[in-house]
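Asker: I am attaching a structure below and will ask some questions about it afterwards.
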Amino acid sequence: MYRYDEFDHAFVSARVAQFRDQVERRLSGALAEDAFKPLRLMNGVYLQLHAYMLRVAIPYGTLSSRQMRMLAHIARKYDRGYGHFTTRQNIQYNWPRLSDTPAILDELASVEMHALQTSGNCIRNVTADHFAGAAADEVADPRPYAEILRQWSSVHPEFSFLPRKFKIAVTGAERDRAAIQVHDIGLHLKKNAAGDLGFAVYVGGGQGRTPLVAKKIRDFLPEEDLLSYTTAIMRVYNLHGRRDNKYKARIKILVHETGIEELTRQVEAEFVHLKDTELKLPDADVQAIAAYFAPPDLTERPEGWASLAAWKKADPEFARWVQQNVNPHKHPDYGSVTISLKPIGGIPGDATDVQMEAVADIAEEYAFDEIRVSHEQNLVLPHVALADLEAVYRALVAQGLATANAGLITDIIACPGLDYCALANARSITVAQDISNRFGSAERQAEIGELKIKISGCINACGHHHVGHIGLLGVEKKGAELYQITLGGSADENTSIGEIIGRGFEPEKVTDAVETIVDTYLGLRLSQDETFLDAYRRVGPQPFKDALYGNAQAAA
Amino acid sequence: MVDKVLTANRLADGISVWLNAAGAWTESLQDAFVARHAEAVTALEAAGKQAFADNKVVDVNVIEIEEVDGVLRPLRLRERIRAEGPSIDYAAGYKGLHAEQTA
Ligand code: SF4
């Protein structure tokens, strides 16, 4: 893992001291709200419906047991005993007092964490594949590049007041688990024919009120040009992004309005000036950062194969969990474990202080002290020996953390919605809970297979509804909640934006509607191997419209 | 006229509060002062501006409510959730901080 150097420590401490002074001045009345609000946002402090909310950055979703224990400690000491892991691989606390936030940030700094750039029109936490450094299908670990981007973008003077927020995601595998095509910049780390590392560069993806899939502007950018090329994109955006209209200020609109050819021309023209400057990444620097992410010493543990087979035979629930929640690892004797934060009927992404501590303990004992947060709001232990899977499973069961549903219909992404969020139009969590309860049976989920439901409480789309196989968007209509359904979205290497299927559904009817969609799929799929998404892409929306609304007219 | 109350979030801890008849901020909507005519609403607005200027509260709003069997109920779901807390059983069984302790 990356470790802070002296500069990082000094920088983060200075920022906490500065913020402490700002909070004190605010509480004494010396600083008015209008002046203070942008300052607190720069430090991750929002005001929500019931209280302040603190969003803590988890760079590219990687953290150690020590850091996880600190997150648990903060939940217990300063909050109400839990935290919410988000689709940005961050954690949010829902109840911190403003007066406590400097102390919380101090505690975070003691384990090399902070809340900087988790808000505001700057480059936000760089996200990455949650199986980075472990997945069998990976070309190279994307996290060193995410870390390089993090260092480069932290209080970058030129890019701290962009037209709008800016999100970068990096993946190192063909199978995109980081949703790079719905980010402002998406980077796909790969090798060219000569075996050199570089990136396919995507730009202008995003969700929100205008969902757009990113366009590829470079098929292969040499590794050494990462920062110069990214800077070129940022400069074009900073100069031409629509500062006149908040709703048109994201780079996706610029890409859309400018056209990808012209935008590429502008970026390439800027890049010419930057290519051979100090932004060029020296190989030694890349190696130095990469060394922090060196894989742990994975000793041969071939005994795990036989044990695993025996355990699976003896315990069908364990077998189901392995089948669903363990991902192939580069090393054949190991696997990556998804710890589901989606218990049946639970709150997606929430974990209690006790659960966080348990995960920290398990990671320390069995998983080389490494934990990941996935953008699907689960936790991951990237390196677990097959020989240890049973022990890990038992420990997770004891904490209610062994739901065997990764990638299934109850593995729902849901934003906080109207239960917490000041911007929400409707609740998300309650809908997720209803759907989860309805489809909770393990047999039924297995029968349905891979199906991703994603729910947002407003058009900002923090719950990624546009790219849900089934997406639900909460809106307010005549003072009541209503849920608009989209079908066919996807955030993988074949990204697509879901299509609105017809008029929306009231809260008490939306789960029935989802069930109708699922039953329709089960009735028309060619075989059990045809996933919901494949089936939808084959048949289109009509059968689902007919099932939901009776006939095409009613759906208009 | 629709009945109205004044709500805000307390500056120091952010907890949702409502203005009561004594001019203090209470954590219970049920203790709020209800404005039933235009002058009373004007007074609420003035009180809200003052409390904001005095750095006691932030995000000050006059909201619409109705009284049903003696119970005050905001018209908008958003405000009902603000008054009653999240509609979900968050962190089940956890007996942690209570809002009263945060004064
Ligand atoms: S999608 Fe809307 S309701 Fe949900 S967290 Fe984002 S801003 Fe809030």
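Ordering of the structure tokens sets the chain letters (A, B, ...); residue numbers start at 1 within each chain; ligands are numbered from 1 in the order shown.
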Residues at most 7 Å from Ile63 of chain B, counting only C-alpha atoms, excluding those fewer than 3 positions away in the same chain, as a list in words?
Answerer: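 Residues near the query, excluding close chain neighbours: Lys4, Val5 and Leu6 of chain B.
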Asker: The selected residues should be written to file as a PDB file, in the first residue's frame (atoms: N, CA and C atoms).
Answerer:
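What follows is the written file again.pdb:
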```
ATOM      1  N   LYS B   4     -47.875  26.918   9.012  1.00  0.00           N
ATOM      2  CA  LYS B   4     -46.431  26.847   8.744  1.00  0.00           C
ATOM      3  C   LYS B   4     -45.625  26.805  10.043  1.00  0.00           C
ATOM      4  N   VAL B   5     -44.459  26.206   9.953  1.00  0.00           N
ATOM      5  CA  VAL B   5     -43.497  26.254  11.063  1.00  0.00           C
ATOM      6  C   VAL B   5     -42.129  26.620  10.486  1.00  0.00           C
ATOM      7  N   LEU B   6     -41.243  27.015  11.389  1.00  0.00           N
ATOM      8  CA  LEU B   6     -39.892  27.395  10.962  1.00  0.00           C
ATOM      9  C   LEU B   6     -38.918  26.282  11.348  1.00  0.00           C
TER      10      LEU B   6
END
```
Asker: Within 9 Å of chain A, which residues belong to chain B? Use only C-alpha atoms and report them as an MDAnalysis selection string.
Answerer: chainID B and resid 9:16 52:56 58:59 75:79 81:83 85:91 94:98 102
Asker: When you draw a straight line from atom CA of Val384 of chain A to atom CA of Tyr334 of chain A, how long is it in Å?
Answerer: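 Computing it gives 5.4 Å between the two atoms.
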Asker: Counting only C-alpha atoms, what is within 10 Å of segment 218-231 of chain A, bar same-chain residues fewer than 6 positions away, as a PyMOL selection string?
Answerer: chain A and resi 145+148-149+152-153+158-159+168+185+187-192+196-203+237+264+267-268+270-283+286
Asker: Quick one: write out the picked residues with C-alpha atoms as a PDB file, in the first residue's frame?
Answerer:
```
ATOM      1  CA  TYR A 145      -1.323   5.140 -11.768  1.00  0.00           C
ATOM      2  CA  ILE A 148       0.219   9.105  -9.350  1.00  0.00           C
ATOM      3  CA  LEU A 149      -2.959  10.854 -10.470  1.00  0.00           C
ATOM      4  CA  TRP A 152      -0.706  15.154  -9.155  1.00  0.00           C
ATOM      5  CA  SER A 153      -4.311  16.281  -8.670  1.00  0.00           C
ATOM      6  CA  GLU A 158      -4.736  24.968 -12.039  1.00  0.00           C
ATOM      7  CA  PHE A 159      -7.460  22.382 -11.499  1.00  0.00           C
ATOM      8  CA  ILE A 168     -11.228   9.637 -13.132  1.00  0.00           C
ATOM      9  CA  ILE A 185     -11.822  10.321 -17.882  1.00  0.00           C
ATOM     10  CA  LEU A 187      -8.229   4.848 -18.329  1.00  0.00           C
ATOM     11  CA  HIS A 188      -7.805   1.285 -19.444  1.00  0.00           C
ATOM     12  CA  LEU A 189      -4.302   0.096 -18.652  1.00  0.00           C
ATOM     13  CA  LYS A 190      -3.071  -2.379 -21.234  1.00  0.00           C
ATOM     14  CA  LYS A 191      -0.060  -3.619 -23.162  1.00  0.00           C
ATOM     15  CA  ASN A 192       0.678  -2.947 -26.810  1.00  0.00           C
ATOM     16  CA  ASP A 196       4.799  -1.841 -23.291  1.00  0.00           C
ATOM     17  CA  LEU A 197       2.279  -0.505 -20.826  1.00  0.00           C
ATOM     18  CA  GLY A 198      -0.048   2.297 -21.772  1.00  0.00           C
ATOM     19  CA  PHE A 199      -3.644   3.379 -21.643  1.00  0.00           C
ATOM     20  CA  ALA A 200      -6.712   3.477 -23.786  1.00  0.00           C
ATOM     21  CA  VAL A 201      -8.115   6.886 -22.893  1.00  0.00           C
ATOM     22  CA  TYR A 202     -11.843   7.543 -22.702  1.00  0.00           C
ATOM     23  CA  VAL A 203     -13.298  10.959 -22.115  1.00  0.00           C
ATOM     24  CA  TYR A 237     -11.938  21.371 -20.417  1.00  0.00           C
ATOM     25  CA  THR A 264      -9.387  15.245 -29.776  1.00  0.00           C
ATOM     26  CA  VAL A 267      -6.298  17.856 -26.749  1.00  0.00           C
ATOM     27  CA  GLU A 268      -3.599  16.590 -29.085  1.00  0.00           C
ATOM     28  CA  GLU A 270      -2.203  20.955 -26.214  1.00  0.00           C
ATOM     29  CA  PHE A 271      -0.400  17.674 -25.642  1.00  0.00           C
ATOM     30  CA  VAL A 272       2.295  18.619 -28.152  1.00  0.00           C
ATOM     31  CA  HIS A 273       3.346  21.426 -25.813  1.00  0.00           C
ATOM     32  CA  LEU A 274       3.275  19.262 -22.711  1.00  0.00           C
ATOM     33  CA  LYS A 275       4.698  16.010 -23.934  1.00  0.00           C
ATOM     34  CA  ASP A 276       8.322  16.743 -23.218  1.00  0.00           C
ATOM     35  CA  THR A 277       7.947  18.799 -20.087  1.00  0.00           C
ATOM     36  CA  GLU A 278       8.421  17.857 -16.430  1.00  0.00           C
ATOM     37  CA  LEU A 279       5.053  16.096 -16.633  1.00  0.00           C
ATOM     38  CA  LYS A 280       6.661  13.222 -18.475  1.00  0.00           C
ATOM     39  CA  LEU A 281       6.730  10.333 -16.025  1.00  0.00           C
ATOM     40  CA  PRO A 282      10.248   9.063 -15.387  1.00  0.00           C
ATOM     41  CA  ASP A 283      10.322   5.296 -15.236  1.00  0.00           C
ATOM     42  CA  VAL A 286       6.648   4.956 -11.695  1.00  0.00           C
TER      43      VAL A 286
END
```
Asker: I'd like the interatomic distance between atom CA of Ala446 of chain A and atom CA of Leu524 of chain A, to a tenth of an Å.
Answerer: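 Rounded to one decimal, the two atoms are 16.9 Å apart.
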Asker: May I ask which of the residues A:Arg525, A:His383, A:Arg209, A:Arg66 is the closest one to ligand 1, counting only C-alpha atoms and all ligand atoms?
Answerer: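 Of A:Arg525, A:His383, A:Arg209, A:Arg66, the one nearest ligand 1, counting only C-alpha atoms and all ligand atoms, is A:Arg209.
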Asker: Looking only at the backbone, which of the residues in segment 22-78 of chain B does DSSP tag as helix (DSSP H, G or I), as a PyMOL selection string?
Answerer: chain B and resi 29-31+38-53+77-78
Asker: Output N, CA and C atoms of each residue in that selection to a file, as a compact mmCIF listing (two decimals), in the first residue's frame.
Answerer:
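The resulting part19.txt:
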```txt
# COMPACT_ATOMS: atom_id res chain seq x y z
N LEU B 29 -40.47 18.49 16.25
CA LEU B 29 -41.44 19.25 15.46
C LEU B 29 -42.72 19.49 16.25
N GLN B 30 -43.09 18.53 17.07
CA GLN B 30 -44.36 18.65 17.81
C GLN B 30 -44.35 19.83 18.78
N ASP B 31 -43.18 20.31 19.14
CA ASP B 31 -43.10 21.46 20.05
C ASP B 31 -42.99 22.78 19.29
N ALA B 38 -50.81 35.30 8.16
CA ALA B 38 -49.70 35.92 7.43
C ALA B 38 -48.71 36.64 8.34
N GLU B 39 -49.22 37.37 9.34
CA GLU B 39 -48.30 38.12 10.20
C GLU B 39 -47.39 37.17 10.98
N ALA B 40 -47.99 36.07 11.41
CA ALA B 40 -47.19 35.10 12.16
C ALA B 40 -46.08 34.51 11.28
N VAL B 41 -46.41 34.30 9.99
CA VAL B 41 -45.39 33.77 9.07
C VAL B 41 -44.27 34.80 8.90
N THR B 42 -44.66 36.05 8.78
CA THR B 42 -43.65 37.11 8.66
C THR B 42 -42.75 37.12 9.89
N ALA B 43 -43.36 36.94 11.03
CA ALA B 43 -42.56 36.91 12.27
C ALA B 43 -41.60 35.72 12.26
N LEU B 44 -42.08 34.58 11.77
CA LEU B 44 -41.21 33.39 11.67
C LEU B 44 -40.03 33.68 10.77
N GLU B 45 -40.33 34.26 9.64
CA GLU B 45 -39.24 34.54 8.68
C GLU B 45 -38.20 35.47 9.30
N ALA B 46 -38.70 36.46 10.02
CA ALA B 46 -37.77 37.41 10.66
C ALA B 46 -36.93 36.68 11.72
N ALA B 47 -37.59 35.83 12.49
CA ALA B 47 -36.87 35.08 13.53
C ALA B 47 -35.80 34.19 12.89
N GLY B 48 -36.15 33.60 11.76
CA GLY B 48 -35.21 32.73 11.06
C GLY B 48 -34.00 33.51 10.57
N LYS B 49 -34.26 34.65 9.97
CA LYS B 49 -33.15 35.49 9.47
C LYS B 49 -32.22 35.88 10.61
N GLN B 50 -32.85 36.23 11.74
CA GLN B 50 -32.05 36.68 12.88
C GLN B 50 -31.19 35.53 13.42
N ALA B 51 -31.80 34.36 13.56
CA ALA B 51 -31.05 33.22 14.11
C ALA B 51 -29.90 32.83 13.18
N PHE B 52 -30.13 32.97 11.88
CA PHE B 52 -29.07 32.69 10.91
C PHE B 52 -27.95 33.71 11.07
N ALA B 53 -28.37 34.99 11.17
CA ALA B 53 -27.37 36.06 11.31
C ALA B 53 -26.60 35.91 12.62
N LEU B 77 -42.99 14.91 2.13
CA LEU B 77 -42.34 13.73 2.71
C LEU B 77 -40.94 14.09 3.22
N ARG B 78 -40.24 14.90 2.44
CA ARG B 78 -38.89 15.31 2.84
C ARG B 78 -38.89 15.86 4.26
```
Asker: Could you tell me how far atom CA of Ile289 of chain A lies from atom CA of Tyr2 of chain A, in Å and to one decimal?
Answerer: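 That distance, rounded to one decimal, is 7.5 Å.
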Asker: Skipping near chain neighbours, those fewer than 2 positions away, what residues fall within 12 Å of Tyr536 of chain A using only C-alpha atoms, listed as a tab-separated table (two decimals) with N, CA, C and O atoms, in the first residue's frame?
Answerer:
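Saved to out12.tsv:
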```
chain	number	residue	atom	x	y	z
A	451	LEU	N	-27.79	-10.13	-12.28
A	451	LEU	CA	-28.75	-9.05	-12.57
A	451	LEU	C	-28.46	-7.89	-11.63
A	451	LEU	O	-28.53	-8.03	-10.41
A	469	HIS	N	-28.75	-2.88	-14.93
A	469	HIS	CA	-29.50	-3.74	-15.86
A	469	HIS	C	-30.98	-3.39	-15.70
A	469	HIS	O	-31.71	-3.25	-16.68
A	470	ILE	N	-31.38	-3.24	-14.42
A	470	ILE	CA	-32.64	-2.59	-14.11
A	470	ILE	C	-32.28	-1.36	-13.28
A	470	ILE	O	-31.65	-1.49	-12.23
A	486	THR	N	-35.60	2.05	-15.81
A	486	THR	CA	-34.85	1.94	-17.06
A	486	THR	C	-34.33	0.51	-17.17
A	486	THR	O	-34.03	-0.13	-16.16
A	487	LEU	N	-34.22	0.03	-18.38
A	487	LEU	CA	-33.74	-1.33	-18.60
A	487	LEU	C	-32.56	-1.32	-19.57
A	487	LEU	O	-32.49	-0.47	-20.47
A	488	GLY	N	-31.67	-2.27	-19.38
A	488	GLY	CA	-30.60	-2.48	-20.36
A	488	GLY	C	-29.36	-1.64	-20.16
A	488	GLY	O	-28.49	-1.60	-21.02
A	489	GLY	N	-29.24	-0.98	-19.01
A	489	GLY	CA	-28.01	-0.25	-18.75
A	489	GLY	C	-26.91	-1.20	-18.33
A	489	GLY	O	-27.17	-2.32	-17.87
A	490	SER	N	-25.66	-0.77	-18.49
A	490	SER	CA	-24.54	-1.59	-18.08
A	490	SER	C	-23.30	-0.72	-17.95
A	490	SER	O	-23.12	0.22	-18.72
A	496	SER	N	-23.64	0.66	-21.59
A	496	SER	CA	-24.82	1.22	-22.25
A	496	SER	C	-25.66	1.94	-21.21
A	496	SER	O	-25.60	1.63	-20.02
A	498	GLY	N	-29.32	2.77	-19.81
A	498	GLY	CA	-30.64	2.13	-19.81
A	498	GLY	C	-31.70	3.00	-20.47
A	498	GLY	O	-31.60	4.22	-20.51
A	499	GLU	N	-32.72	2.30	-21.00
A	499	GLU	CA	-33.83	3.02	-21.65
A	499	GLU	C	-35.03	3.08	-20.71
A	499	GLU	O	-35.37	2.08	-20.09
A	501	ILE	N	-38.58	2.73	-19.61
A	501	ILE	CA	-39.49	1.72	-20.12
A	501	ILE	C	-40.94	2.21	-20.22
A	501	ILE	O	-41.72	1.70	-21.01
A	517	ILE	N	-40.79	-7.74	-14.51
A	517	ILE	CA	-39.67	-7.68	-15.45
A	517	ILE	C	-38.83	-8.96	-15.36
A	517	ILE	O	-38.48	-9.57	-16.38
A	518	VAL	N	-38.57	-9.37	-14.13
A	518	VAL	CA	-37.75	-10.57	-13.93
A	518	VAL	C	-38.47	-11.80	-14.47
A	518	VAL	O	-37.87	-12.63	-15.18
A	520	THR	N	-40.69	-11.91	-16.78
A	520	THR	CA	-40.70	-11.82	-18.24
A	520	THR	C	-39.37	-12.33	-18.81
A	520	THR	O	-39.34	-13.10	-19.77
A	521	TYR	N	-38.31	-11.89	-18.18
A	521	TYR	CA	-36.99	-12.37	-18.60
A	521	TYR	C	-36.88	-13.89	-18.48
A	521	TYR	O	-36.46	-14.57	-19.42
A	522	LEU	N	-37.30	-14.42	-17.34
A	522	LEU	CA	-37.18	-15.87	-17.14
A	522	LEU	C	-37.99	-16.62	-18.19
A	522	LEU	O	-37.59	-17.70	-18.65
A	524	LEU	N	-38.53	-15.67	-21.30
A	524	LEU	CA	-38.09	-15.54	-22.70
A	524	LEU	C	-36.62	-15.86	-22.93
A	524	LEU	O	-36.15	-15.88	-24.08
A	525	ARG	N	-35.88	-16.10	-21.86
A	525	ARG	CA	-34.45	-16.35	-22.09
A	525	ARG	C	-34.27	-17.69	-22.81
A	525	ARG	O	-35.06	-18.62	-22.64
A	526	LEU	N	-33.20	-17.73	-23.60
A	526	LEU	CA	-32.96	-18.91	-24.42
A	526	LEU	C	-32.48	-20.09	-23.59
A	526	LEU	O	-32.76	-21.24	-23.90
A	530	GLU	N	-28.22	-17.42	-20.69
A	530	GLU	CA	-28.48	-16.09	-21.25
A	530	GLU	C	-28.86	-15.15	-20.11
A	530	GLU	O	-29.95	-15.26	-19.54
A	531	THR	N	-27.97	-14.22	-19.78
A	531	THR	CA	-28.23	-13.32	-18.65
A	531	THR	C	-29.35	-12.35	-19.00
A	531	THR	O	-29.73	-12.20	-20.16
A	532	PHE	N	-29.81	-11.66	-17.97
A	532	PHE	CA	-30.87	-10.66	-18.19
A	532	PHE	C	-30.43	-9.65	-19.24
A	532	PHE	O	-31.17	-9.32	-20.17
A	533	LEU	N	-29.18	-9.17	-19.10
A	533	LEU	CA	-28.71	-8.13	-20.01
A	533	LEU	C	-28.63	-8.66	-21.45
A	533	LEU	O	-29.05	-7.98	-22.40
A	534	ASP	N	-28.10	-9.87	-21.60
A	534	ASP	CA	-28.02	-10.46	-22.94
A	534	ASP	C	-29.42	-10.61	-23.54
A	534	ASP	O	-29.64	-10.31	-24.72
A	538	ARG	N	-31.07	-8.77	-26.80
A	538	ARG	CA	-31.58	-9.57	-27.91
A	538	ARG	C	-33.02	-9.17	-28.27
A	538	ARG	O	-33.32	-8.92	-29.44
A	539	VAL	N	-33.88	-9.03	-27.25
A	539	VAL	CA	-35.31	-8.83	-27.56
A	539	VAL	C	-35.76	-7.37	-27.50
A	539	VAL	O	-36.81	-7.03	-28.03
A	540	GLY	N	-34.99	-6.51	-26.84
A	540	GLY	CA	-35.42	-5.12	-26.73
A	540	GLY	C	-36.51	-4.93	-25.69
A	540	GLY	O	-36.91	-5.88	-25.00
A	541	PRO	N	-37.02	-3.71	-25.59
A	541	PRO	CA	-37.92	-3.38	-24.48
A	541	PRO	C	-39.35	-3.90	-24.61
A	541	PRO	O	-40.05	-4.01	-23.61
A	542	GLN	N	-39.78	-4.22	-25.84
A	542	GLN	CA	-41.21	-4.44	-26.03
A	542	GLN	C	-41.84	-5.52	-25.13
A	542	GLN	O	-42.88	-5.27	-24.51
A	543	PRO	N	-41.25	-6.71	-25.04
A	543	PRO	CA	-41.88	-7.72	-24.19
A	543	PRO	C	-42.05	-7.23	-22.74
A	543	PRO	O	-43.03	-7.57	-22.07
A	544	PHE	N	-41.09	-6.43	-22.29
A	544	PHE	CA	-41.16	-5.93	-20.91
A	544	PHE	C	-42.25	-4.87	-20.79
A	544	PHE	O	-42.98	-4.81	-19.81
A	545	LYS	N	-42.35	-4.03	-21.81
A	545	LYS	CA	-43.42	-3.02	-21.82
A	545	LYS	C	-44.78	-3.70	-21.81
A	545	LYS	O	-45.68	-3.31	-21.06
```
